[in-house]
>>> print(open('coords-v1.cif').read())   # mmCIF, N, CA and C atoms
data_data
#
loop_
_atom_site.label_atom_id
_atom_site.label_comp_id
_atom_site.auth_asym_id
_atom_site.auth_seq_id
_atom_site.Cartn_x
_atom_site.Cartn_y
_atom_site.Cartn_z
N MET A 1 -4.00 -105.40 62.98
CA MET A 1 -4.97 -106.27 63.61
C MET A 1 -6.26 -105.49 63.81
N LYS A 2 -7.37 -106.17 63.56
CA LYS A 2 -8.68 -105.54 63.69
C LYS A 2 -9.31 -105.92 65.03
N ILE A 3 -10.32 -105.16 65.41
CA ILE A 3 -10.99 -105.34 66.69
C ILE A 3 -11.54 -106.76 66.83
N GLY A 4 -12.18 -107.26 65.79
CA GLY A 4 -12.75 -108.61 65.85
C GLY A 4 -11.70 -109.68 66.10
N GLU A 5 -10.55 -109.53 65.45
CA GLU A 5 -9.46 -110.49 65.66
C GLU A 5 -8.97 -110.43 67.10
N LEU A 6 -8.94 -109.23 67.64
CA LEU A 6 -8.50 -109.04 69.02
C LEU A 6 -9.51 -109.67 69.99
N VAL A 7 -10.80 -109.50 69.71
CA VAL A 7 -11.83 -110.13 70.53
C VAL A 7 -11.62 -111.64 70.53
N ARG A 8 -11.40 -112.21 69.36
CA ARG A 8 -11.20 -113.66 69.24
C ARG A 8 -9.97 -114.11 70.05
N GLU A 9 -8.86 -113.38 69.91
CA GLU A 9 -7.64 -113.75 70.64
C GLU A 9 -7.87 -113.75 72.14
N TYR A 10 -8.51 -112.70 72.64
CA TYR A 10 -8.78 -112.63 74.08
C TYR A 10 -9.75 -113.74 74.51
N ARG A 11 -10.76 -113.98 73.69
CA ARG A 11 -11.74 -115.04 74.03
C ARG A 11 -11.04 -116.39 74.14
N LEU A 12 -10.19 -116.68 73.16
CA LEU A 12 -9.47 -117.95 73.17
C LEU A 12 -8.50 -118.03 74.35
N SER A 13 -7.86 -116.91 74.68
CA SER A 13 -6.94 -116.91 75.82
C SER A 13 -7.67 -117.15 77.13
N LYS A 14 -8.96 -116.78 77.17
CA LYS A 14 -9.79 -117.00 78.36
C LYS A 14 -10.47 -118.38 78.32
N LYS A 15 -10.16 -119.14 77.25
CA LYS A 15 -10.72 -120.48 77.05
C LYS A 15 -12.26 -120.48 77.05
N LEU A 16 -12.81 -119.48 76.38
CA LEU A 16 -14.26 -119.37 76.23
C LEU A 16 -14.66 -119.74 74.81
N THR A 17 -15.79 -120.38 74.68
CA THR A 17 -16.35 -120.59 73.35
C THR A 17 -17.11 -119.32 72.96
N GLN A 18 -17.46 -119.22 71.70
CA GLN A 18 -18.27 -118.08 71.27
C GLN A 18 -19.61 -118.11 71.99
N GLN A 19 -20.16 -119.31 72.18
CA GLN A 19 -21.44 -119.45 72.87
C GLN A 19 -21.34 -118.94 74.30
N GLU A 20 -20.27 -119.31 75.01
CA GLU A 20 -20.10 -118.87 76.39
C GLU A 20 -19.95 -117.35 76.46
N LEU A 21 -19.18 -116.79 75.52
CA LEU A 21 -19.01 -115.33 75.50
C LEU A 21 -20.35 -114.65 75.22
N ALA A 22 -21.10 -115.20 74.29
CA ALA A 22 -22.41 -114.63 73.96
C ALA A 22 -23.31 -114.62 75.20
N GLU A 23 -23.33 -115.72 75.93
CA GLU A 23 -24.18 -115.80 77.12
C GLU A 23 -23.70 -114.84 78.21
N LYS A 24 -22.39 -114.79 78.44
CA LYS A 24 -21.85 -113.92 79.50
C LYS A 24 -22.03 -112.44 79.18
N SER A 25 -22.02 -112.10 77.89
CA SER A 25 -22.12 -110.70 77.48
C SER A 25 -23.54 -110.29 77.12
N ASP A 26 -24.47 -111.26 77.16
CA ASP A 26 -25.87 -111.01 76.81
C ASP A 26 -26.01 -110.53 75.37
N LEU A 27 -25.18 -111.13 74.49
CA LEU A 27 -25.24 -110.86 73.05
C LEU A 27 -25.50 -112.19 72.35
N SER A 28 -25.91 -112.15 71.12
CA SER A 28 -26.23 -113.39 70.41
C SER A 28 -24.96 -114.05 69.86
N LEU A 29 -25.02 -115.36 69.73
CA LEU A 29 -23.91 -116.12 69.15
C LEU A 29 -23.59 -115.65 67.72
N PRO A 30 -24.60 -115.47 66.86
CA PRO A 30 -24.28 -114.99 65.51
C PRO A 30 -23.58 -113.63 65.52
N PHE A 31 -23.98 -112.76 66.45
CA PHE A 31 -23.37 -111.44 66.55
C PHE A 31 -21.90 -111.57 66.94
N ILE A 32 -21.58 -112.41 67.91
CA ILE A 32 -20.18 -112.64 68.32
C ILE A 32 -19.40 -113.17 67.13
N ASN A 33 -19.98 -114.10 66.40
CA ASN A 33 -19.30 -114.67 65.24
C ASN A 33 -19.01 -113.61 64.19
N LEU A 34 -19.99 -112.77 63.90
CA LEU A 34 -19.79 -111.70 62.91
C LEU A 34 -18.72 -110.72 63.36
N ILE A 35 -18.69 -110.40 64.65
CA ILE A 35 -17.68 -109.49 65.18
C ILE A 35 -16.28 -110.09 64.98
N GLU A 36 -16.13 -111.35 65.41
CA GLU A 36 -14.81 -111.98 65.34
C GLU A 36 -14.32 -112.15 63.90
N ASN A 37 -15.24 -112.22 62.97
CA ASN A 37 -14.87 -112.34 61.57
C ASN A 37 -14.83 -110.99 60.85
N ASN A 38 -14.90 -109.91 61.64
CA ASN A 38 -14.83 -108.54 61.12
C ASN A 38 -15.87 -108.28 60.04
N ARG A 39 -17.05 -108.87 60.22
CA ARG A 39 -18.13 -108.65 59.27
C ARG A 39 -19.26 -107.83 59.87
N ARG A 40 -19.01 -107.31 61.08
CA ARG A 40 -20.02 -106.49 61.75
C ARG A 40 -19.32 -105.40 62.54
N ASN A 41 -19.81 -104.18 62.42
CA ASN A 41 -19.26 -103.10 63.23
C ASN A 41 -19.72 -103.28 64.67
N LEU A 42 -18.89 -102.80 65.56
CA LEU A 42 -19.13 -103.02 66.98
C LEU A 42 -19.37 -101.68 67.66
N SER A 43 -20.48 -101.58 68.37
CA SER A 43 -20.74 -100.36 69.13
C SER A 43 -19.89 -100.38 70.40
N VAL A 44 -19.73 -99.22 70.98
CA VAL A 44 -18.98 -99.13 72.24
C VAL A 44 -19.69 -99.95 73.31
N ASP A 45 -21.02 -99.87 73.36
CA ASP A 45 -21.78 -100.62 74.37
C ASP A 45 -21.55 -102.12 74.23
N ALA A 46 -21.60 -102.62 73.01
CA ALA A 46 -21.40 -104.06 72.79
C ALA A 46 -19.97 -104.46 73.15
N LEU A 47 -19.00 -103.63 72.78
CA LEU A 47 -17.61 -103.94 73.13
C LEU A 47 -17.44 -103.97 74.64
N LEU A 48 -18.04 -103.03 75.34
CA LEU A 48 -17.92 -103.01 76.81
C LEU A 48 -18.58 -104.24 77.43
N LYS A 49 -19.70 -104.69 76.87
CA LYS A 49 -20.32 -105.92 77.36
C LYS A 49 -19.38 -107.11 77.20
N ILE A 50 -18.73 -107.18 76.04
CA ILE A 50 -17.80 -108.28 75.75
C ILE A 50 -16.60 -108.22 76.69
N LEU A 51 -16.04 -107.02 76.86
CA LEU A 51 -14.87 -106.88 77.72
C LEU A 51 -15.21 -107.18 79.18
N THR A 52 -16.37 -106.75 79.61
CA THR A 52 -16.81 -107.04 80.98
C THR A 52 -16.99 -108.54 81.17
N ALA A 53 -17.59 -109.19 80.18
CA ALA A 53 -17.79 -110.64 80.26
C ALA A 53 -16.47 -111.40 80.35
N MET A 54 -15.43 -110.87 79.70
CA MET A 54 -14.12 -111.53 79.73
C MET A 54 -13.22 -110.98 80.83
N GLU A 55 -13.75 -110.01 81.60
CA GLU A 55 -13.00 -109.38 82.69
C GLU A 55 -11.70 -108.76 82.17
N ILE A 56 -11.84 -107.96 81.11
CA ILE A 56 -10.71 -107.28 80.48
C ILE A 56 -10.94 -105.77 80.57
N ASP A 57 -9.94 -105.07 81.05
CA ASP A 57 -10.00 -103.61 81.12
C ASP A 57 -9.89 -103.05 79.70
N PRO A 58 -10.70 -102.07 79.33
CA PRO A 58 -10.62 -101.51 77.97
C PRO A 58 -9.22 -101.05 77.58
N SER A 59 -8.48 -100.45 78.50
CA SER A 59 -7.13 -99.99 78.14
C SER A 59 -6.22 -101.17 77.84
N ASP A 60 -6.41 -102.28 78.55
CA ASP A 60 -5.63 -103.49 78.25
C ASP A 60 -6.01 -104.07 76.89
N PHE A 61 -7.30 -103.99 76.58
CA PHE A 61 -7.78 -104.52 75.30
C PHE A 61 -7.13 -103.80 74.12
N PHE A 62 -7.04 -102.48 74.22
CA PHE A 62 -6.52 -101.70 73.09
C PHE A 62 -4.99 -101.61 73.06
N ARG A 63 -4.33 -102.04 74.11
CA ARG A 63 -2.87 -101.94 74.17
C ARG A 63 -2.17 -102.60 72.97
N PRO A 64 -2.56 -103.80 72.55
CA PRO A 64 -1.87 -104.39 71.38
C PRO A 64 -1.98 -103.54 70.12
N LEU A 65 -3.06 -102.79 70.00
CA LEU A 65 -3.21 -101.92 68.83
C LEU A 65 -2.29 -100.72 68.91
N SER A 66 -2.05 -100.23 70.12
CA SER A 66 -1.21 -99.05 70.28
C SER A 66 0.27 -99.40 70.38
N ASP A 67 0.59 -100.61 70.82
CA ASP A 67 2.00 -101.01 70.95
C ASP A 67 2.71 -101.09 69.61
N THR A 68 1.96 -101.21 68.55
CA THR A 68 2.58 -101.32 67.24
C THR A 68 2.88 -99.96 66.62
N SER A 69 2.53 -98.90 67.34
CA SER A 69 2.75 -97.58 66.77
C SER A 69 4.23 -97.21 66.84
N ASP A 70 4.63 -96.40 65.93
CA ASP A 70 6.01 -95.93 65.81
C ASP A 70 6.10 -94.56 66.46
N ASP A 71 7.09 -94.37 67.34
CA ASP A 71 7.23 -93.08 68.03
C ASP A 71 7.44 -91.95 67.05
N ASN A 72 8.22 -92.18 65.98
CA ASN A 72 8.45 -91.14 64.98
C ASN A 72 7.17 -90.78 64.25
N LEU A 73 6.37 -91.79 63.98
CA LEU A 73 5.09 -91.54 63.31
C LEU A 73 4.17 -90.74 64.22
N GLN A 74 4.15 -91.08 65.49
CA GLN A 74 3.32 -90.34 66.45
C GLN A 74 3.77 -88.88 66.54
N LEU A 75 5.08 -88.65 66.57
CA LEU A 75 5.62 -87.30 66.61
C LEU A 75 5.23 -86.52 65.36
N LEU A 76 5.33 -87.17 64.21
CA LEU A 76 4.95 -86.53 62.95
C LEU A 76 3.47 -86.15 62.97
N ILE A 77 2.62 -87.03 63.44
CA ILE A 77 1.19 -86.74 63.50
C ILE A 77 0.91 -85.56 64.42
N GLU A 78 1.57 -85.55 65.56
CA GLU A 78 1.38 -84.44 66.50
C GLU A 78 1.81 -83.11 65.88
N LYS A 79 2.94 -83.12 65.16
CA LYS A 79 3.42 -81.88 64.54
C LYS A 79 2.46 -81.41 63.45
N ILE A 80 1.95 -82.34 62.68
CA ILE A 80 1.00 -81.98 61.63
C ILE A 80 -0.27 -81.40 62.24
N GLN A 81 -0.76 -82.02 63.31
CA GLN A 81 -1.98 -81.54 63.95
C GLN A 81 -1.83 -80.12 64.48
N LEU A 82 -0.65 -79.77 64.92
CA LEU A 82 -0.42 -78.44 65.49
C LEU A 82 -0.11 -77.38 64.44
N ASP A 83 0.22 -77.81 63.24
CA ASP A 83 0.62 -76.86 62.19
C ASP A 83 -0.61 -76.18 61.59
N LYS A 84 -0.50 -74.87 61.36
CA LYS A 84 -1.64 -74.13 60.80
C LYS A 84 -1.91 -74.53 59.35
N ASN A 85 -0.93 -75.12 58.67
CA ASN A 85 -1.09 -75.55 57.28
C ASN A 85 -1.30 -77.06 57.19
N ARG A 86 -1.93 -77.64 58.20
CA ARG A 86 -2.03 -79.10 58.24
C ARG A 86 -2.76 -79.70 57.05
N THR A 87 -3.76 -79.02 56.53
CA THR A 87 -4.49 -79.55 55.38
C THR A 87 -3.56 -79.69 54.18
N GLU A 88 -2.75 -78.69 53.93
CA GLU A 88 -1.81 -78.74 52.82
C GLU A 88 -0.74 -79.81 53.04
N ILE A 89 -0.29 -79.93 54.27
CA ILE A 89 0.73 -80.94 54.59
C ILE A 89 0.17 -82.34 54.37
N ILE A 90 -1.04 -82.57 54.81
CA ILE A 90 -1.68 -83.88 54.63
C ILE A 90 -1.84 -84.18 53.15
N GLU A 91 -2.29 -83.20 52.37
CA GLU A 91 -2.44 -83.40 50.93
C GLU A 91 -1.10 -83.73 50.28
N LEU A 92 -0.04 -83.06 50.72
CA LEU A 92 1.29 -83.33 50.20
C LEU A 92 1.72 -84.76 50.52
N PHE A 93 1.54 -85.19 51.76
CA PHE A 93 1.89 -86.55 52.14
C PHE A 93 1.09 -87.57 51.34
N LEU A 94 -0.19 -87.32 51.16
CA LEU A 94 -1.02 -88.24 50.39
C LEU A 94 -0.55 -88.31 48.94
N SER A 95 -0.13 -87.18 48.38
CA SER A 95 0.41 -87.17 47.02
C SER A 95 1.69 -87.99 46.94
N ILE A 96 2.55 -87.81 47.93
CA ILE A 96 3.81 -88.57 47.95
C ILE A 96 3.52 -90.06 48.04
N LEU A 97 2.60 -90.44 48.90
CA LEU A 97 2.26 -91.86 49.04
C LEU A 97 1.65 -92.41 47.76
N SER A 98 0.84 -91.61 47.11
CA SER A 98 0.24 -92.03 45.84
C SER A 98 1.32 -92.25 44.79
N LEU A 99 2.28 -91.33 44.71
CA LEU A 99 3.38 -91.49 43.76
C LEU A 99 4.19 -92.75 44.09
N ASN A 100 4.41 -92.98 45.36
CA ASN A 100 5.17 -94.15 45.79
C ASN A 100 4.46 -95.43 45.35
N GLU A 101 3.13 -95.49 45.50
CA GLU A 101 2.36 -96.66 45.08
C GLU A 101 2.46 -96.87 43.56
N LYS A 102 2.37 -95.77 42.80
CA LYS A 102 2.48 -95.87 41.34
C LYS A 102 3.86 -96.38 40.94
N ASN A 103 4.90 -95.89 41.62
CA ASN A 103 6.26 -96.33 41.32
C ASN A 103 6.44 -97.81 41.63
N LYS A 104 5.84 -98.28 42.71
CA LYS A 104 5.92 -99.70 43.06
C LYS A 104 5.27 -100.54 41.98
N LYS A 105 4.07 -100.11 41.54
CA LYS A 105 3.36 -100.87 40.51
C LYS A 105 4.16 -100.92 39.22
N ASN A 106 4.72 -99.79 38.82
CA ASN A 106 5.52 -99.75 37.61
C ASN A 106 6.78 -100.60 37.75
N PHE A 107 7.40 -100.56 38.91
CA PHE A 107 8.61 -101.33 39.15
C PHE A 107 8.33 -102.82 38.98
N PHE A 108 7.25 -103.30 39.60
CA PHE A 108 6.95 -104.73 39.55
C PHE A 108 6.39 -105.13 38.19
N LYS A 109 5.77 -104.20 37.48
CA LYS A 109 5.26 -104.48 36.15
C LYS A 109 6.42 -104.73 35.19
N ASN A 110 7.53 -104.03 35.38
CA ASN A 110 8.68 -104.14 34.48
C ASN A 110 9.59 -105.31 34.83
N LYS A 111 9.34 -106.01 35.86
CA LYS A 111 10.19 -107.15 36.26
C LYS A 111 9.79 -108.40 35.54
#
>>> encode(input="coords-v1.cif", output="structure tokens")
Amino acid sequence: MKIGELVREYRLSKKLTQQELAEKSDLSLPFINLIENNRRNLSVDALLKILTAMEIDPSDFFRPLSDTSDDNLQLLIEKIQLDKNRTEIIELFLSILSLNEKNKKNFFKNK
């Protein structure tokens, strides 16, 4: 899920129109529309204006993005970050993922 989609979900849950959110956050309607459609990058200042207008705590806003994380994946990332050979490990993982993608393409091509 992207930030714009999350903004839209929260806005709808608060029963606000894009126009109402724009007015409450002191941002333009076209800007809100572009954000919700993930066609515009969002500055921290603009996001805070939007969250304040909807009375949403930033940590609550980002929770849906973090709840989807995998504990094993987080542990792996932490171990890689602490390893002195992290650059080589990352390159190895990227190579493995690249091979996996090629194998998938070949598998489906032969079906």
>>> residues_around(input="coords-v1.cif", residues="Glu36 of chain A", least_positions_apart="6", cutoff="6 Å", atoms="all atoms listed in the file", output="list in words")
Gly4, Glu5 and Arg8 of chain A
>>> closest_residue(input="coords-v1.cif", among="A:Ile3, A:Leu92, A:Leu99, A:Leu73", to="Asn38 of chain A", atoms="only N, CA and C atoms")
A:Ile3
>>> closest_residue(input="coords-v1.cif", among="A:Ile96, A:Leu76, A:Ala46, A:Ile56", to="Ser25 of chain A", atoms="all atoms listed in the file")
A:Ala46
>>> atom_distance(input="coords-v1.cif", atom1="atom CA of Asn41 of chain A", atom2="atom CA of Ser13 of chain A")
22.4 Å
>>> residues_around(input="coords-v1.cif", residues="Phe31 of chain A", least_positions_apart="3", cutoff="12 Å", atoms="only C-alpha atoms", output="count of residues only")
23
>>> select_by_dssp(input="coords-v1.cif", residues="segment 47-102 of chain A", states="alpha helix (DSSP H)", output="PyMOL selection string")
chain A and resi 47-53+58-67+71-82+86-102
